[in-house]
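Below is one structure, written out as structure tokens, with a few remarks after it.
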There are 2 protein chains.
Amino acid sequence: MSHENILELFERLTLLEKANERAIAQAHSLQAVQLVALHYLARCNRFSDTPAAVTEYLSATKGTVSQSLIQLEKKGMVTKVQDPEDKRVSHLKLTSLGRSLVKQTNQLALLDQALGGLDCEEKAALESLLRKTLIELQNTHKHAMFGPCSQCKHLQKSKGGHLCGLTKEPLYESDLVQICREYTHP
Amino acid sequence: MSHENILELFERLTLLEKANERAIAQAHSLQAVQLVALHYLARCNRFSDTPAAVTEYLSATKGTVSQSLIQLEKKGMVTKVQDPEDKRVSHLKLTSLGRSLVKQTNQLALLDQALGGLDCEEKAALESLLRKTLIELQNTHKHAMFGPCSQCKHLQKSKGGHLCGLTKEPLYESDLVQICREYTHP
DNA sequence: GGTTTTTGGTATCGACTCGATACTTGTAAC
DNA sequence: GTTACAAGTATCGAGTCGATACCAAAAACC
């Protein structure tokens with residue numbers, strides 16, 4: 001009748017996953033937060049690769065995130081590129097070292113391995129249930145959701161391609177699958 | 001085809017929930033970890049209310065957990081009671097202050113609110129999928145699982161009641177719904 | 001029965017996170 | 001042009017975390 005069981009399961013999964021994340025990060029001389037940020041940067045689009053976006057994604061404060069990003073830069077995982085239009089913002093690009101680290105650690109998530117035990121139908125069901133929960137959560141609170149442009153409310157078709165209704169910028173194929181900080185459910 | 005979407009959704013939910021946890025904890029002058037520990041202690045059985053069990057649950061090191069528990073004790077949320085049989089172990093009992101805090105913060109989980117948007121069938125489906133995932137995870141790695149005695153492999157019936165096959169101790173009604181560190185899936 | 005090993009728990013140290021505040025610089029609003 | 005605001009950095013104190021060392025009680029061993 002209540003949600004207690006789900007909450008417990010979720011918390012348990014979360015704790016195990018978190019511990020695993022820490023272990024993996026440590027194996028590469030990184031902090032857990034830094035690894036999460038790195039994975040985020042590897043799959044966000046070019047509107048969402050700024051320190052501010054990472055801050056929003058991690059739900060942390062900009063001071064903290066700034067420091068973590070400086071660490072990542074020191075370790076040669078990312079480089080900062082100043083935005084040509086707005087000189088205040090910088091874009092974070094993964095170096096080849098950063099990209100290879102992401103690749104190495106991609107399949108190490110405990111969850112990823114555990115999900116191998118589900119068949120396709122179950123995975124689809126789980127995905128849609130989780131998505132529904134997340135959307136519900138976004139409705140009650142006003143948090144950024146960070147989804148792919150391809151499923152976003154702001155996606156528009158233009159001659160021969162796509163367009164973001166918010167920024168009016170063209171979206172190419174590669175943009176569509178990446179996640180964006182402005183994602184809104186239709 | 002792959003699990004990427006599920007992993008993303010899961011990570012997003014986790015990050016939001018974590019941020020929320022921090023905020024709630026801070027509102028009560030606690031650390032997030034301390035609040036999680038407190039909630040754990042509120043629903044574990046009498047075999048699982050020791051510092052070692054909390055350590056296992058949080059997947060942290062005993063040194064760290066020891067400090068967190070000392071903080072909780074200082075703040076009057078829990079009290080330590082030495083085990084009469086094994087003088088090394090201490091049991092952590094919630095004070096009335098601790099219990100009331102747990103009650104206050106119980107319904108504040110973002111997830112809890114978001115799950116309100118699912119109907120009963122969906123919730124049941126989500127629960128069983130998450131459980132299957134967790135069991136799968138336990139099979140590949142050997143982590144403690146922390147489930148309720150009522151669903152445990154070690155549960156045995158005895159004359160007029162139940163019994164834990166591992167410790168041979170009697171289990172009363174109230175024990176059955178609480179979570180135990182020795183939980184094993186049948 | 002006495003020695004060794006293991007286990008539960010604490011104490012302490014350094015590296016790091018995190019939040020808060022203050023600050024700089026660039027952009028937008030009026 | 002002045003003011004407000006936004007992006008990002010710097011810094012400080014409180015606290016987490018992992019590692020190590022340590023103590024005491026229990027268990028295993030001979």
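Each chain in the structure tokens gets a letter, A, B, ..., in the order shown, and its residues are numbered from 1; ligands are numbered from 1 in order too.
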With a distance cut-off of 12 Å and only C-alpha atoms (C1' of nucleotides), select the neighbouring residues of Pro51 (chain B), excluding the residue or stretch itself and same-chain residues fewer than 3 positions from it, and output the selection as a ChimeraX atom specification.
/B:37-38,40-41,47-48,54-70,72,78-82,88-93,181 /C:8-10
Put those residues in a file: C-alpha atoms (C1' of nucleotides), as a PDB file, in the first residue's frame.
ATOM      1  CA  ALA B  37      21.936   6.189   9.668  1.00  0.00           C
ATOM      2  CA  LEU B  38      19.116   7.364  11.888  1.00  0.00           C
ATOM      3  CA  TYR B  40      18.270   2.844   9.194  1.00  0.00           C
ATOM      4  CA  LEU B  41      18.319   2.426  12.955  1.00  0.00           C
ATOM      5  CA  PHE B  47      20.490  -8.077  15.530  1.00  0.00           C
ATOM      6  CA  SER B  48      21.324  -5.205  13.224  1.00  0.00           C
ATOM      7  CA  VAL B  54      25.458   0.476  10.212  1.00  0.00           C
ATOM      8  CA  THR B  55      28.933   0.408   8.718  1.00  0.00           C
ATOM      9  CA  GLU B  56      27.954  -2.424   6.445  1.00  0.00           C
ATOM     10  CA  TYR B  57      24.716  -0.753   5.494  1.00  0.00           C
ATOM     11  CA  LEU B  58      26.371   2.524   4.570  1.00  0.00           C
ATOM     12  CA  SER B  59      29.278   0.774   2.852  1.00  0.00           C
ATOM     13  CA  ALA B  60      31.653   3.038   4.732  1.00  0.00           C
ATOM     14  CA  THR B  61      34.584   2.340   7.002  1.00  0.00           C
ATOM     15  CA  LYS B  62      34.019   1.678  10.653  1.00  0.00           C
ATOM     16  CA  GLY B  63      36.116   4.641  11.702  1.00  0.00           C
ATOM     17  CA  THR B  64      33.926   7.080   9.809  1.00  0.00           C
ATOM     18  CA  VAL B  65      30.717   5.515  11.019  1.00  0.00           C
ATOM     19  CA  SER B  66      31.936   5.471  14.576  1.00  0.00           C
ATOM     20  CA  GLN B  67      32.406   9.233  14.423  1.00  0.00           C
ATOM     21  CA  SER B  68      28.982   9.814  12.878  1.00  0.00           C
ATOM     22  CA  LEU B  69      27.355   7.730  15.581  1.00  0.00           C
ATOM     23  CA  ILE B  70      29.173   9.646  18.282  1.00  0.00           C
ATOM     24  CA  LEU B  72      24.252  11.356  16.833  1.00  0.00           C
ATOM     25  CA  VAL B  78      20.532   7.678  19.979  1.00  0.00           C
ATOM     26  CA  THR B  79      21.909   5.986  23.049  1.00  0.00           C
ATOM     27  CA  LYS B  80      24.403   3.165  23.206  1.00  0.00           C
ATOM     28  CA  VAL B  81      23.616   0.079  25.224  1.00  0.00           C
ATOM     29  CA  GLN B  82      26.273  -2.503  25.793  1.00  0.00           C
ATOM     30  CA  ARG B  88      32.507  -5.557  22.725  1.00  0.00           C
ATOM     31  CA  VAL B  89      29.311  -4.797  20.866  1.00  0.00           C
ATOM     32  CA  SER B  90      26.933  -1.974  21.628  1.00  0.00           C
ATOM     33  CA  HIS B  91      23.356  -1.592  20.483  1.00  0.00           C
ATOM     34  CA  LEU B  92      22.055   1.725  19.265  1.00  0.00           C
ATOM     35  CA  LYS B  93      18.611   2.671  20.477  1.00  0.00           C
ATOM     36  CA  ARG B 181      21.820  -7.466   8.042  1.00  0.00           C
TER      37      ARG B 181
ATOM     38  C1'  DG C   8      33.870  -4.716  17.534  1.00  0.00           C
ATOM     39  C1'  DG C   9      34.825  -0.367  18.399  1.00  0.00           C
ATOM     40  C1'  DT C  10      37.526   4.123  19.137  1.00  0.00           C
TER      41       DT C  10
END
Would you kindly return, as a PyMOL selection string, each protein, DNA or RNA residue with an atom no farther than 10 Å from any atom of Ala114 (chain A), considering only C-alpha atoms (C1' of nucleotides) and excluding same-chain residues fewer than 6 positions away?
chain B and resi 132-141
Please return, as a PyMOL selection string, all residues of chain C lying within 9 Å of chain A when only C-alpha atoms (C1' of nucleotides) are considered.
chain C and resi 16-19+25-27
Contact residues (chain D, partner chain B, 9 Å, only C-alpha atoms (C1' of nucleotides)) as number ranges by chain
D: 15-18, 24-26
Give the residues of chain A that lie within 9 Å of chain B; count only C-alpha atoms, and format the answer as a ChimeraX atom specification.
/A:1,3-16,18-19,57-60,109-118,120,122-141,143,145-147
Grab the CA of Leu30 (chain A) to C1' of DC23 (chain C) distance for me, in Å with one decimal place.
29.0 Å
Assign secondary structure with DSSP using the backbone only, and return the residues of chain A in strand (DSSP E) as a PyMOL selection string.
chain A and resi 78-82+90-94+147-148+155-158+161-164+170-171+179-180
Residues from the last selection, C-alpha atoms, saved as an mmCIF file, in the first residue's frame:
data_model
loop_
_atom_site.group_PDB
_atom_site.id
_atom_site.type_symbol
_atom_site.label_atom_id
_atom_site.label_comp_id
_atom_site.auth_asym_id
_atom_site.auth_seq_id
_atom_site.Cartn_x
_atom_site.Cartn_y
_atom_site.Cartn_z
ATOM 1 C CA VAL A 78 39.205 18.270 -19.376
ATOM 2 C CA THR A 79 40.156 21.599 -20.895
ATOM 3 C CA LYS A 80 38.344 24.872 -20.580
ATOM 4 C CA VAL A 81 37.451 26.832 -23.681
ATOM 5 C CA GLN A 82 36.110 30.327 -23.365
ATOM 6 C CA SER A 90 33.662 28.525 -20.376
ATOM 7 C CA HIS A 91 32.981 25.208 -22.057
ATOM 8 C CA LEU A 92 34.482 22.027 -20.724
ATOM 9 C CA LYS A 93 35.825 19.650 -23.334
ATOM 10 C CA LEU A 94 37.088 16.184 -22.506
ATOM 11 C CA GLY A 147 17.204 14.745 -20.830
ATOM 12 C CA PRO A 148 18.021 14.258 -24.535
ATOM 13 C CA LEU A 155 12.575 20.342 -30.299
ATOM 14 C CA GLN A 156 11.398 21.783 -33.607
ATOM 15 C CA LYS A 157 11.754 20.644 -37.172
ATOM 16 C CA SER A 158 13.277 23.063 -39.632
ATOM 17 C CA GLY A 161 17.128 19.385 -39.807
ATOM 18 C CA HIS A 162 16.134 20.221 -36.268
ATOM 19 C CA LEU A 163 16.149 23.277 -34.108
ATOM 20 C CA CYS A 164 15.926 24.079 -30.414
ATOM 21 C CA PRO A 170 20.274 24.231 -35.094
ATOM 22 C CA LEU A 171 20.577 20.723 -33.696
ATOM 23 C CA ILE A 179 21.492 15.379 -22.688
ATOM 24 C CA CYS A 180 20.642 19.028 -22.202
#
May I have all residues of region 47-183 of chain A that DSSP, computed from the backbone, assigns to alpha helix (DSSP H), given as a PyMOL selection string?
chain A and resi 51-58+62-74+96-106+110-115+120-140+173-177
